[in-house]
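Engineer: Take a look at this one; I'll ask things after.
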Amino acid sequence: MKKEMVQTPVRRIGRLTTEIHVPLPADHPHREMLERSVHSCPVHASLHPDVAKPVTFHWQESPSR
């Protein structure tokens, strides 16, 4: 997680950037559930709406078939 501060109007956290590395292939059947759970997390919902909260998922590449 990376924290970025802003200075105006007062010094505060302006952005919390999160990167999640998932050791599963992008076509895993639980992908949607996992991503939905991150975005509906109570901590995520408790942060002030002015704080940007981008989340990037990095899924493992699917094995060649």
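Here, A, B, ... name the chains of the structure tokens in the order displayed, residue numbers run from 1 inside each chain, and ligands are numbered from 1 in the same displayed order.
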Can you pull out the residues contacting A:Met1? Cut-off 12 Å, using only C-alpha atoms, and skip same-chain residues under 5 positions away; I want them as a PyMOL selection string.

Structural biologist: chain A and resi 15-21+53-56

Engineer: Hey, can you spit out that residue selection with N, CA and C atoms as a PDB file, in the first residue's frame?

Structural biologist:
ATOM      1  N   ARG A  15      -4.520   9.889  -0.972  1.00  0.00           N
ATOM      2  CA  ARG A  15      -4.661   8.685  -1.796  1.00  0.00           C
ATOM      3  C   ARG A  15      -3.985   7.521  -1.083  1.00  0.00           C
ATOM      4  N   LEU A  16      -4.676   6.387  -1.083  1.00  0.00           N
ATOM      5  CA  LEU A  16      -4.108   5.121  -0.606  1.00  0.00           C
ATOM      6  C   LEU A  16      -4.169   4.148  -1.777  1.00  0.00           C
ATOM      7  N   THR A  17      -3.032   3.909  -2.387  1.00  0.00           N
ATOM      8  CA  THR A  17      -2.956   3.029  -3.549  1.00  0.00           C
ATOM      9  C   THR A  17      -2.597   1.626  -3.085  1.00  0.00           C
ATOM     10  N   THR A  18      -3.393   0.661  -3.491  1.00  0.00           N
ATOM     11  CA  THR A  18      -3.174  -0.731  -3.085  1.00  0.00           C
ATOM     12  C   THR A  18      -2.975  -1.605  -4.304  1.00  0.00           C
ATOM     13  N   GLU A  19      -1.944  -2.450  -4.243  1.00  0.00           N
ATOM     14  CA  GLU A  19      -1.713  -3.457  -5.278  1.00  0.00           C
ATOM     15  C   GLU A  19      -1.773  -4.820  -4.606  1.00  0.00           C
ATOM     16  N   ILE A  20      -2.612  -5.683  -5.149  1.00  0.00           N
ATOM     17  CA  ILE A  20      -2.795  -7.020  -4.586  1.00  0.00           C
ATOM     18  C   ILE A  20      -2.307  -8.039  -5.605  1.00  0.00           C
ATOM     19  N   HIS A  21      -1.331  -8.836  -5.196  1.00  0.00           N
ATOM     20  CA  HIS A  21      -0.791  -9.883  -6.047  1.00  0.00           C
ATOM     21  C   HIS A  21      -1.460 -11.202  -5.651  1.00  0.00           C
ATOM     22  N   LYS A  53      -8.941   5.737  -3.337  1.00  0.00           N
ATOM     23  CA  LYS A  53      -8.588   4.392  -2.876  1.00  0.00           C
ATOM     24  C   LYS A  53      -8.475   3.419  -4.054  1.00  0.00           C
ATOM     25  N   PRO A  54      -7.576   3.710  -5.014  1.00  0.00           N
ATOM     26  CA  PRO A  54      -7.467   2.781  -6.152  1.00  0.00           C
ATOM     27  C   PRO A  54      -6.864   1.442  -5.732  1.00  0.00           C
ATOM     28  N   VAL A  55      -7.412   0.379  -6.294  1.00  0.00           N
ATOM     29  CA  VAL A  55      -6.929  -0.975  -6.016  1.00  0.00           C
ATOM     30  C   VAL A  55      -6.627  -1.645  -7.360  1.00  0.00           C
ATOM     31  N   THR A  56      -5.427  -2.217  -7.466  1.00  0.00           N
ATOM     32  CA  THR A  56      -5.031  -2.941  -8.663  1.00  0.00           C
ATOM     33  C   THR A  56      -4.758  -4.389  -8.282  1.00  0.00           C
TER      34      THR A  56
END

Engineer: Write down as a PyMOL selection string the residues belonging to chain A that are assigned strand (DSSP E) by DSSP computed on the backbone.

Structural biologist: chain A and resi 2-6+12-25+55-60

Engineer: For atom CA of A:Glu35 and atom CA of A:Phe57, determine how far apart the two atoms are, in Å to one decimal place.

Structural biologist: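 Distance reported for this atom pair: 8.0 Å.
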
Engineer: One decimal, in Å: what's the spacing between atom CA of A:Ala52 and atom CA of A:Pro29?

Structural biologist: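 Those two atoms sit 28.6 Å apart.
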
Engineer: Just the number, please: distance in Å from atom CA of A:Gln7 to atom CA of A:Val51, one decimal.

Structural biologist: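 Separating atom CA of A:Gln7 from atom CA of A:Val51 is a distance of 12.9 Å.
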
Engineer: Can you tell me which residues surround A:Val22 at a distance of at most 8 Å, considering only C-alpha atoms, apart from same-chain residues fewer than 4 positions away, and format the answer as a PyMOL selection string?

Structural biologist: chain A and resi 57-60

Engineer: Those residues with N, CA and C atoms, as a PDB file, in the first residue's frame please?

Structural biologist:
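File written: result15.pdb
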ATOM      1  N   PHE A  57      -5.370  -5.297  -9.018  1.00  0.00           N
ATOM      2  CA  PHE A  57      -5.140  -6.718  -8.805  1.00  0.00           C
ATOM      3  C   PHE A  57      -4.155  -7.202  -9.854  1.00  0.00           C
ATOM      4  N   HIS A  58      -3.160  -7.981  -9.430  1.00  0.00           N
ATOM      5  CA  HIS A  58      -2.208  -8.609 -10.332  1.00  0.00           C
ATOM      6  C   HIS A  58      -2.425 -10.113 -10.211  1.00  0.00           C
ATOM      7  N   TRP A  59      -3.081 -10.669 -11.211  1.00  0.00           N
ATOM      8  CA  TRP A  59      -3.385 -12.102 -11.214  1.00  0.00           C
ATOM      9  C   TRP A  59      -2.247 -12.861 -11.889  1.00  0.00           C
ATOM     10  N   GLN A  60      -2.028 -14.077 -11.430  1.00  0.00           N
ATOM     11  CA  GLN A  60      -1.007 -14.941 -12.015  1.00  0.00           C
ATOM     12  C   GLN A  60      -1.422 -15.301 -13.435  1.00  0.00           C
TER      13      GLN A  60
END

Engineer: For A:Gly14, work out the shell of residues within 8 Å, counting only C-alpha atoms and skipping chain neighbours fewer than 5 positions away, then give it as number ranges by chain.

Structural biologist: A: 3-6, 50-52

Engineer: Could you write out that same residue set with N, CA and C atoms as a compact mmCIF listing (two decimals), in the first residue's frame?

Structural biologist:
# COMPACT_ATOMS: atom_id res chain seq x y z
N LYS A 3 0.89 5.40 0.48
CA LYS A 3 0.14 6.55 1.01
C LYS A 3 0.68 7.81 0.37
N GLU A 4 -0.22 8.65 -0.14
CA GLU A 4 0.16 9.94 -0.71
C GLU A 4 -0.57 11.04 0.05
N MET A 5 0.20 12.03 0.46
CA MET A 5 -0.35 13.14 1.24
C MET A 5 -0.71 14.30 0.32
N VAL A 6 -1.69 15.09 0.74
CA VAL A 6 -2.00 16.36 0.08
C VAL A 6 -1.80 17.46 1.12
N ASP A 50 -13.16 11.73 0.37
CA ASP A 50 -12.17 12.52 -0.35
C ASP A 50 -10.85 11.78 -0.54
N VAL A 51 -10.67 10.66 0.15
CA VAL A 51 -9.45 9.87 0.00
C VAL A 51 -9.63 8.93 -1.20
N ALA A 52 -8.77 9.09 -2.21
CA ALA A 52 -8.81 8.17 -3.36
C ALA A 52 -8.27 6.82 -2.90

Engineer: Could you pull the residues within 7 Å of A:Pro25, counting only C-alpha atoms, minus those fewer than 2 positions along the same chain, as a PDB file with C-alpha atoms, in the first residue's frame?

Structural biologist:
ATOM      1  CA  PRO A  23      -1.348 -16.320  -6.821  1.00  0.00           C
ATOM      2  CA  ASP A  27      -9.832 -16.869 -14.982  1.00  0.00           C
ATOM      3  CA  HIS A  28     -10.183 -18.423 -11.507  1.00  0.00           C
ATOM      4  CA  TRP A  59      -3.385 -12.102 -11.214  1.00  0.00           C
ATOM      5  CA  GLN A  60      -1.007 -14.941 -12.015  1.00  0.00           C
ATOM      6  CA  GLU A  61      -0.779 -15.779 -15.683  1.00  0.00           C
ATOM      7  CA  SER A  62      -2.796 -18.798 -16.723  1.00  0.00           C
TER       8      SER A  62
END

Engineer: If you run DSSP on the backbone, which residues of chain A are alpha helix (DSSP H), as a PyMOL selection string?

Structural biologist: chain A and resi 31-39+42-46
